[in-house]
Every structure is written in C-alpha cells, then in structure tokens.
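Colleague: Handing you this structure, nothing more for now.
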Number of protein chains: 2
Amino acid sequence: MIDQINMSETLIDAAKEVFQTMIFMSISEKEDQETKLVGNTYMGTISFKGDIEGCLGVTFEMAAAQAIATNMLCLEPDETVADEDLADAVGEVANMVMGVVKGRLLDHLESIEISIPTVVSGRDLKSNVGDSLRIVKRVSVESFEGELSFLARYNG
Amino acid sequence: MIDQINMSETLIDAAKEVFQTMIFMSISEKEDQETKLVGNTYMGTISFKGDIEGCLGVTFEMAAAQAIATNMLCLEPDETVADEDLADAVGEVANMVMGVVKGRLLDHLESIEISIPTVVSGRDLKSNVGDSLRIVKRVSVESFEGELSFLARYNG
C-alpha cells in the first residue's frame, strides 16, 4: 500500500527530476518551511482519482513562473512571456510532476486517473480539499520561490 | 456541435438550477460585470476532458462561501463553519454545476469525463488555461458576490 512510500520525498524527487531533465533548472526543498509566498503567484493543480484521490499543486512566484516559461519555451532571458504562456508553462510543470508521481504510485496502487491541469493566479493561494494526507513543501527554484503540495485521501 | 449551445446561458442556468434545488439560495447574473471580487475568496474548479477540454470554476467571497456552506450543511445561521467544510462546500458547488452543464453538453458531444473538484483560497483569483472559449460571469448570490467561469477548447 501507499503507506510504504514516503510521499513527501516522492514529491520532491519528482519535481527535481522534472526540473533537471525538462526545464534545466534546479529545485530544492527550503530549510525554512514557515515563510509564505508573497505577491502574485501562479498555481497549477492537477487532480487524480482511483485508489487514491486528491490534488497535486505547484505554486510559483511570478518571477519564478517567468523563468520557468522562458526555459521551457527556449526564449531569450529578456523576452517577455505572455500571461497565457506563463499559465500554460505552470500547468505543464504540474502535469510533468504528476506524471512522475503517478509512475511511483502505480508500483503500489492499481489505478490512478489524472485530470488535465488547471492554473489559477492570485495572492495568498492555498489549496483546500478534505484530505487525510496533506503535504506542503516550500521550495527554491534557483533564486526564486515556490511551493509543492500533495493533498489526498485513500479510497477503500 | 457545441456551437449550437449558448455556453454562457448554459452556465448561468446550471448555477440557477443547483442553487434553487440544492442550496436554497438565489443566484443571478450581475448587471455590472466589470467590478472585481475583493478580499479573500474561495474558488472551486473542476476540469474535464474528452471532445471538449477545459475547466469550470465557481468563485465566492468568503461571506458567500459561508452562507452556502451553512445552507448545504443545514447549520444555524450564526454557527461558524470550519475552513475544511467551506472548501468542501465550494468544491461540491463546482461539482453540481458541472454535473448539470455536462448533461447539457452530452446532448451535443459524445464524451466528457470530469475530474474531482479542487478548491483554492486566496485573493485576486483568476483561472488561466490556454482556451478558445472563455466565459467569465459575475454573479450575485443573494446579497453576496461570486463569479462563474467556463474555459475550454475543443478537440478534433
């Protein structure tokens, strides 16, 4: 069962793998987990259902989202990124991280079905679902700020 | 095809049906569509894929979310509602509105598969996906403020 996996570690490892191989940036867990993200942020969420149901989220401050989109779209560092491209990039990060997490979960579970990502921008974003498992990790994306979350409950 | 449906009207009608029959509150399109929601808000989103893919969102100011949760849970008007119950109530509104919208869409489309709802709280919330159809409607829920959104693109 899923209790055999350390989901917190799985989440961070999945993000590291995606950032290293697909975005060419480094991401790491922050030592200080208490400070909140400030200012305008983008949050990409992807929900899943099956033997486990819930939602994975990746949240980035605006500057982080811009750097990520710039790298993913192979733009010049000073090129401006359209709002729509920022949102698509953050949604795609959620999608890729969930892809890796799903692979790990399927070693222990029979079925997980994932949704398409949705992206919300705003301030003081916080993901809320009634959940038995709630992991929220503050991360650094190089010099930028971000947060990963995995909220879930088991079925059956 | 879906061009035959007025999605804007479908969205408002679905919300009216859900609020009248399940929440016992009235919801209506605001005359003034320009003013933004202020303060802390809850947004429930639900994504769908199939012949059409995208995301439906319901956003409510905190006081509206409280009134909705109070009615759904049959609480006394002055009882406080836990954050988790607020989030669950807003997620369930998204779920019910999407259920009605899905029924209407299936008169015109072959398949739509919907996700479980996710709920985000925060300020200045805005749903972003690369979309060909973008409907955002400010609504009144009795004396409270809210917003409905339907962002989608067609496949094939």
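Letters A, B, ... go to the chains of the structure tokens in the order shown; residues in each chain start at 1; ligands are counted from 1 in the same order.
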Is it possible to get the superposed chain B, fitted on chain A over all Cα pairs by sequence order, as an mmCIF file with C-alpha atoms, in the first residue's frame?

Modeller:
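Final output, saved to selection_39.cif:
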data_model
loop_
_atom_site.group_PDB
_atom_site.id
_atom_site.type_symbol
_atom_site.label_atom_id
_atom_site.label_comp_id
_atom_site.auth_asym_id
_atom_site.auth_seq_id
_atom_site.Cartn_x
_atom_site.Cartn_y
_atom_site.Cartn_z
ATOM 1 C CA MET B 1 0.053 0.031 -0.034
ATOM 2 C CA ILE B 2 0.888 3.655 -0.311
ATOM 3 C CA ASP B 3 1.950 3.894 3.346
ATOM 4 C CA GLN B 4 5.116 2.210 2.130
ATOM 5 C CA ILE B 5 6.050 5.295 0.107
ATOM 6 C CA ASN B 6 7.350 8.474 1.636
ATOM 7 C CA MET B 7 5.069 10.813 -0.332
ATOM 8 C CA SER B 8 6.912 13.889 0.813
ATOM 9 C CA GLU B 9 10.182 12.545 -0.590
ATOM 10 C CA THR B 10 8.421 11.244 -3.721
ATOM 11 C CA LEU B 11 7.004 14.711 -4.408
ATOM 12 C CA ILE B 12 10.352 16.482 -4.029
ATOM 13 C CA ASP B 13 12.179 13.811 -6.063
ATOM 14 C CA ALA B 14 9.615 14.030 -8.871
ATOM 15 C CA ALA B 15 9.981 17.819 -9.017
ATOM 16 C CA LYS B 16 13.785 17.518 -9.063
ATOM 17 C CA GLU B 17 13.633 15.033 -11.926
ATOM 18 C CA VAL B 18 11.285 17.238 -13.968
ATOM 19 C CA PHE B 19 13.252 20.439 -13.352
ATOM 20 C CA GLN B 20 16.608 18.815 -14.135
ATOM 21 C CA THR B 21 15.617 16.932 -17.271
ATOM 22 C CA MET B 22 12.872 19.097 -18.772
ATOM 23 C CA ILE B 23 13.317 22.658 -17.524
ATOM 24 C CA PHE B 24 17.089 22.762 -16.942
ATOM 25 C CA MET B 25 16.753 24.490 -13.583
ATOM 26 C CA SER B 26 17.443 23.228 -10.074
ATOM 27 C CA ILE B 27 14.752 22.938 -7.425
ATOM 28 C CA SER B 28 15.309 22.114 -3.767
ATOM 29 C CA GLU B 29 13.424 21.951 -0.503
ATOM 30 C CA LYS B 30 13.869 25.130 1.545
ATOM 31 C CA GLU B 31 15.321 24.890 5.029
ATOM 32 C CA ASP B 32 12.829 27.479 6.222
ATOM 33 C CA GLN B 33 9.402 25.940 5.636
ATOM 34 C CA GLU B 34 7.505 28.624 7.549
ATOM 35 C CA THR B 35 7.697 31.772 5.389
ATOM 36 C CA LYS B 36 4.800 32.184 2.997
ATOM 37 C CA LEU B 37 4.902 33.047 -0.695
ATOM 38 C CA VAL B 38 4.136 36.748 -1.159
ATOM 39 C CA GLY B 39 2.811 38.784 -4.072
ATOM 40 C CA ASN B 40 1.155 37.435 -7.161
ATOM 41 C CA THR B 41 1.632 33.722 -7.752
ATOM 42 C CA TYR B 42 0.622 31.080 -10.273
ATOM 43 C CA MET B 43 -0.670 27.724 -9.052
ATOM 44 C CA GLY B 44 -1.046 24.743 -11.350
ATOM 45 C CA THR B 45 -3.190 21.936 -9.972
ATOM 46 C CA ILE B 46 -3.982 18.525 -11.294
ATOM 47 C CA SER B 47 -6.490 16.214 -9.680
ATOM 48 C CA PHE B 48 -6.474 12.448 -9.624
ATOM 49 C CA LYS B 49 -8.923 9.735 -8.731
ATOM 50 C CA GLY B 50 -8.898 5.958 -8.427
ATOM 51 C CA ASP B 51 -7.470 4.034 -5.467
ATOM 52 C CA ILE B 52 -6.312 7.407 -4.161
ATOM 53 C CA GLU B 53 -7.931 10.757 -4.888
ATOM 54 C CA GLY B 54 -6.806 14.310 -4.392
ATOM 55 C CA CYS B 55 -4.823 17.042 -5.960
ATOM 56 C CA LEU B 56 -1.194 17.895 -6.697
ATOM 57 C CA GLY B 57 -0.221 21.570 -6.859
ATOM 58 C CA VAL B 58 2.824 23.567 -7.935
ATOM 59 C CA THR B 59 2.871 27.247 -6.994
ATOM 60 C CA PHE B 60 5.456 29.785 -8.139
ATOM 61 C CA GLU B 61 5.995 33.469 -7.544
ATOM 62 C CA MET B 62 5.614 35.452 -10.748
ATOM 63 C CA ALA B 63 9.380 35.757 -11.363
ATOM 64 C CA ALA B 64 9.806 31.996 -10.970
ATOM 65 C CA ALA B 65 6.942 31.307 -13.397
ATOM 66 C CA GLN B 66 8.584 33.667 -15.882
ATOM 67 C CA ALA B 67 11.976 31.975 -15.581
ATOM 68 C CA ILE B 68 10.369 28.539 -15.970
ATOM 69 C CA ALA B 69 8.348 29.574 -19.026
ATOM 70 C CA THR B 70 11.437 31.229 -20.558
ATOM 71 C CA ASN B 71 13.391 27.980 -20.187
ATOM 72 C CA MET B 72 10.582 25.714 -21.363
ATOM 73 C CA LEU B 73 9.896 27.834 -24.437
ATOM 74 C CA CYS B 74 13.627 28.404 -25.137
ATOM 75 C CA LEU B 75 13.179 32.190 -25.118
ATOM 76 C CA GLU B 76 15.902 34.756 -24.574
ATOM 77 C CA PRO B 77 16.179 35.696 -20.864
ATOM 78 C CA ASP B 78 14.903 39.237 -21.478
ATOM 79 C CA GLU B 79 11.957 38.292 -23.717
ATOM 80 C CA THR B 80 8.585 38.967 -22.134
ATOM 81 C CA VAL B 81 6.314 35.983 -21.693
ATOM 82 C CA ALA B 82 2.584 36.326 -22.410
ATOM 83 C CA ASP B 83 0.224 35.615 -19.484
ATOM 84 C CA GLU B 84 -1.233 32.680 -21.374
ATOM 85 C CA ASP B 85 2.210 31.147 -21.913
ATOM 86 C CA LEU B 86 3.024 31.598 -18.206
ATOM 87 C CA ALA B 87 -0.163 29.760 -17.283
ATOM 88 C CA ASP B 88 0.467 26.999 -19.814
ATOM 89 C CA ALA B 89 4.036 26.535 -18.544
ATOM 90 C CA VAL B 90 2.908 26.242 -14.910
ATOM 91 C CA GLY B 91 0.141 23.813 -15.918
ATOM 92 C CA GLU B 92 2.690 21.732 -17.808
ATOM 93 C CA VAL B 93 4.999 21.627 -14.750
ATOM 94 C CA ALA B 94 2.073 20.271 -12.682
ATOM 95 C CA ASN B 95 1.402 17.739 -15.433
ATOM 96 C CA MET B 96 4.998 16.531 -15.635
ATOM 97 C CA VAL B 97 5.474 16.300 -11.849
ATOM 98 C CA MET B 98 2.192 14.373 -11.574
ATOM 99 C CA GLY B 99 3.374 12.076 -14.363
ATOM 100 C CA VAL B 100 6.461 11.082 -12.365
ATOM 101 C CA VAL B 101 4.484 10.784 -9.090
ATOM 102 C CA LYS B 102 1.877 8.616 -10.838
ATOM 103 C CA GLY B 103 4.607 6.272 -12.062
ATOM 104 C CA ARG B 104 5.846 5.796 -8.494
ATOM 105 C CA LEU B 105 2.328 5.347 -7.095
ATOM 106 C CA LEU B 106 1.483 2.683 -9.681
ATOM 107 C CA ASP B 107 4.159 0.460 -8.117
ATOM 108 C CA HIS B 108 1.815 0.285 -5.124
ATOM 109 C CA LEU B 109 -1.693 1.018 -6.437
ATOM 110 C CA GLU B 110 -3.855 -0.468 -9.178
ATOM 111 C CA SER B 111 -5.342 2.620 -10.792
ATOM 112 C CA ILE B 112 -4.915 6.382 -10.805
ATOM 113 C CA GLU B 113 -6.566 8.539 -13.394
ATOM 114 C CA ILE B 114 -5.295 12.106 -13.738
ATOM 115 C CA SER B 115 -7.125 15.203 -14.966
ATOM 116 C CA ILE B 116 -5.836 17.934 -17.231
ATOM 117 C CA PRO B 117 -4.114 20.731 -15.276
ATOM 118 C CA THR B 118 -5.873 23.930 -14.238
ATOM 119 C CA VAL B 119 -3.976 27.115 -13.446
ATOM 120 C CA VAL B 120 -5.057 29.848 -11.048
ATOM 121 C CA SER B 121 -3.225 33.105 -10.460
ATOM 122 C CA GLY B 122 -3.669 35.286 -7.399
ATOM 123 C CA ARG B 123 -2.283 36.116 -3.981
ATOM 124 C CA ASP B 124 -2.171 34.029 -0.780
ATOM 125 C CA LEU B 125 -3.148 30.921 -2.764
ATOM 126 C CA LYS B 126 -3.888 27.854 -0.696
ATOM 127 C CA SER B 127 -5.139 24.516 -1.912
ATOM 128 C CA ASN B 128 -7.986 23.061 0.163
ATOM 129 C CA VAL B 129 -9.581 19.670 -0.033
ATOM 130 C CA GLY B 130 -10.857 17.402 2.682
ATOM 131 C CA ASP B 131 -7.804 15.192 2.887
ATOM 132 C CA SER B 132 -6.205 12.579 5.077
ATOM 133 C CA LEU B 133 -2.745 13.185 3.636
ATOM 134 C CA ARG B 134 -1.560 16.782 3.334
ATOM 135 C CA ILE B 135 1.974 17.565 2.209
ATOM 136 C CA VAL B 136 3.022 21.159 1.564
ATOM 137 C CA LYS B 137 6.689 21.869 0.836
ATOM 138 C CA ARG B 138 8.307 25.247 0.293
ATOM 139 C CA VAL B 139 10.965 25.046 -2.403
ATOM 140 C CA SER B 140 13.607 27.198 -4.063
ATOM 141 C CA VAL B 141 13.779 27.206 -7.861
ATOM 142 C CA GLU B 142 17.304 28.578 -8.167
ATOM 143 C CA SER B 143 16.924 32.083 -6.662
ATOM 144 C CA PHE B 144 13.115 32.034 -6.888
ATOM 145 C CA GLU B 145 10.374 30.914 -4.544
ATOM 146 C CA GLY B 146 7.837 28.132 -4.945
ATOM 147 C CA GLU B 147 5.725 25.557 -3.183
ATOM 148 C CA LEU B 148 4.685 21.980 -3.914
ATOM 149 C CA SER B 149 1.597 20.351 -2.459
ATOM 150 C CA PHE B 150 0.030 16.906 -2.483
ATOM 151 C CA LEU B 151 -3.376 16.521 -0.831
ATOM 152 C CA ALA B 152 -5.061 13.151 -0.950
ATOM 153 C CA ARG B 153 -7.372 10.654 0.578
ATOM 154 C CA TYR B 154 -7.462 6.898 0.037
ATOM 155 C CA ASN B 155 -10.490 5.082 -1.304
ATOM 156 C CA GLY B 156 -11.460 1.693 0.115
#

Colleague: Give me every alpha helix (DSSP H) residue in stretch 3-98 of chain B, going by DSSP on the backbone, as a ChimeraX atom specification.

Modeller: /B:7-18,62-72,83-98

Colleague: With C-alpha atoms kept, could you save the residues just selected as an mmCIF file, in the first residue's frame?

Modeller:
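Below you can see again-v5.cif, which holds the result:
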data_model
loop_
_atom_site.group_PDB
_atom_site.id
_atom_site.type_symbol
_atom_site.label_atom_id
_atom_site.label_comp_id
_atom_site.auth_asym_id
_atom_site.auth_seq_id
_atom_site.Cartn_x
_atom_site.Cartn_y
_atom_site.Cartn_z
ATOM 1 C CA MET B 7 -22.474 28.249 -23.150
ATOM 2 C CA SER B 8 -22.819 31.495 -21.278
ATOM 3 C CA GLU B 9 -26.548 30.912 -20.801
ATOM 4 C CA THR B 10 -25.976 27.208 -20.058
ATOM 5 C CA LEU B 11 -23.528 28.106 -17.283
ATOM 6 C CA ILE B 12 -25.864 30.613 -15.624
ATOM 7 C CA ASP B 13 -28.875 28.287 -15.981
ATOM 8 C CA ALA B 14 -26.953 25.374 -14.455
ATOM 9 C CA ALA B 15 -25.918 27.513 -11.478
ATOM 10 C CA LYS B 16 -29.509 28.718 -11.007
ATOM 11 C CA GLU B 17 -30.793 25.147 -11.036
ATOM 12 C CA VAL B 18 -28.202 23.991 -8.489
ATOM 13 C CA MET B 62 -15.745 34.442 1.995
ATOM 14 C CA ALA B 63 -19.179 35.546 3.277
ATOM 15 C CA ALA B 64 -20.883 33.899 0.300
ATOM 16 C CA ALA B 65 -18.954 30.652 0.851
ATOM 17 C CA GLN B 66 -20.024 30.728 4.496
ATOM 18 C CA ALA B 67 -23.690 31.262 3.636
ATOM 19 C CA ILE B 68 -23.558 28.463 1.050
ATOM 20 C CA ALA B 69 -21.875 26.022 3.437
ATOM 21 C CA THR B 70 -24.356 26.947 6.196
ATOM 22 C CA ASN B 71 -27.270 26.134 3.881
ATOM 23 C CA MET B 72 -25.751 22.958 2.463
ATOM 24 C CA ASP B 83 -12.318 26.045 6.807
ATOM 25 C CA GLU B 84 -12.405 22.466 5.587
ATOM 26 C CA ASP B 85 -16.207 22.483 5.397
ATOM 27 C CA LEU B 86 -16.126 25.791 3.483
ATOM 28 C CA ALA B 87 -13.731 24.275 0.964
ATOM 29 C CA ASP B 88 -15.771 21.087 0.651
ATOM 30 C CA ALA B 89 -18.974 23.092 0.112
ATOM 31 C CA VAL B 90 -17.407 25.213 -2.647
ATOM 32 C CA GLY B 91 -15.956 22.086 -4.288
ATOM 33 C CA GLU B 92 -19.384 20.464 -4.172
ATOM 34 C CA VAL B 93 -20.987 23.532 -5.818
ATOM 35 C CA ALA B 94 -18.449 23.232 -8.673
ATOM 36 C CA ASN B 95 -19.257 19.528 -8.900
ATOM 37 C CA MET B 96 -23.020 20.033 -9.039
ATOM 38 C CA VAL B 97 -22.868 22.895 -11.570
ATOM 39 C CA MET B 98 -20.534 20.812 -13.754
#

Colleague: Using DSSP on the backbone, list every residue of stretch 12-58 of chain B that comes out as strand (DSSP E), and give them as a VMD selection string.

Modeller: chain B and resid 27 to 29 41 to 50 52 to 58

Colleague: Would you put the residues from that selection into a file with N, CA and C atoms, as an mmCIF file, in the first residue's frame?

Modeller:
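The resulting again.cif:
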data_model
loop_
_atom_site.group_PDB
_atom_site.id
_atom_site.type_symbol
_atom_site.label_atom_id
_atom_site.label_comp_id
_atom_site.auth_asym_id
_atom_site.auth_seq_id
_atom_site.Cartn_x
_atom_site.Cartn_y
_atom_site.Cartn_z
ATOM 1 N N ILE B 27 -29.325 32.801 -7.239
ATOM 2 C CA ILE B 27 -28.103 33.313 -7.862
ATOM 3 C C ILE B 27 -28.513 33.970 -9.165
ATOM 4 N N SER B 28 -27.913 35.110 -9.483
ATOM 5 C CA SER B 28 -28.266 35.779 -10.736
ATOM 6 C C SER B 28 -27.067 36.527 -11.294
ATOM 7 N N GLU B 29 -27.102 36.708 -12.608
ATOM 8 C CA GLU B 29 -26.026 37.418 -13.292
ATOM 9 C C GLU B 29 -26.061 38.877 -12.859
ATOM 10 N N THR B 41 -11.173 34.966 -1.212
ATOM 11 C CA THR B 41 -12.217 34.232 -1.920
ATOM 12 C C THR B 41 -11.880 32.743 -1.971
ATOM 13 N N TYR B 42 -12.888 31.947 -2.207
ATOM 14 C CA TYR B 42 -12.716 30.512 -2.437
ATOM 15 C C TYR B 42 -13.099 30.206 -3.879
ATOM 16 N N MET B 43 -12.244 29.472 -4.571
ATOM 17 C CA MET B 43 -12.555 29.071 -5.947
ATOM 18 C C MET B 43 -12.548 27.549 -6.036
ATOM 19 N N GLY B 44 -13.656 27.000 -6.478
ATOM 20 C CA GLY B 44 -13.719 25.562 -6.750
ATOM 21 C C GLY B 44 -13.587 25.360 -8.246
ATOM 22 N N THR B 45 -12.681 24.491 -8.668
ATOM 23 C CA THR B 45 -12.552 24.229 -10.101
ATOM 24 C C THR B 45 -12.707 22.742 -10.356
ATOM 25 N N ILE B 46 -13.169 22.442 -11.532
ATOM 26 C CA ILE B 46 -13.320 21.052 -11.925
ATOM 27 C C ILE B 46 -12.919 20.999 -13.389
ATOM 28 N N SER B 47 -12.049 20.078 -13.738
ATOM 29 C CA SER B 47 -11.596 20.037 -15.124
ATOM 30 C C SER B 47 -12.285 18.897 -15.844
ATOM 31 N N PHE B 48 -12.330 19.014 -17.157
ATOM 32 C CA PHE B 48 -12.987 17.985 -17.960
ATOM 33 C C PHE B 48 -12.189 17.752 -19.218
ATOM 34 N N LYS B 49 -12.277 16.542 -19.726
ATOM 35 C CA LYS B 49 -11.594 16.231 -20.982
ATOM 36 C C LYS B 49 -12.468 15.310 -21.802
ATOM 37 N N GLY B 50 -12.128 15.144 -23.067
ATOM 38 C CA GLY B 50 -12.953 14.361 -23.983
ATOM 39 C C GLY B 50 -13.063 15.163 -25.270
ATOM 40 N N ILE B 52 -14.303 17.906 -25.575
ATOM 41 C CA ILE B 52 -14.023 19.296 -25.204
ATOM 42 C C ILE B 52 -13.195 19.196 -23.935
ATOM 43 N N GLU B 53 -12.188 20.066 -23.779
ATOM 44 C CA GLU B 53 -11.440 20.024 -22.527
ATOM 45 C C GLU B 53 -11.257 21.411 -21.957
ATOM 46 N N GLY B 54 -11.216 21.500 -20.643
ATOM 47 C CA GLY B 54 -11.070 22.790 -20.005
ATOM 48 C C GLY B 54 -11.436 22.694 -18.555
ATOM 49 N N CYS B 55 -11.977 23.794 -18.054
ATOM 50 C CA CYS B 55 -12.151 23.880 -16.616
ATOM 51 C C CYS B 55 -13.321 24.791 -16.264
ATOM 52 N N LEU B 56 -14.166 24.336 -15.349
ATOM 53 C CA LEU B 56 -15.280 25.149 -14.871
ATOM 54 C C LEU B 56 -14.925 25.628 -13.465
ATOM 55 N N GLY B 57 -15.186 26.897 -13.182
ATOM 56 C CA GLY B 57 -14.843 27.437 -11.862
ATOM 57 C C GLY B 57 -15.989 28.187 -11.229
ATOM 58 N N VAL B 58 -16.125 28.063 -9.913
ATOM 59 C CA VAL B 58 -17.077 28.876 -9.150
ATOM 60 C C VAL B 58 -16.278 29.566 -8.047
#
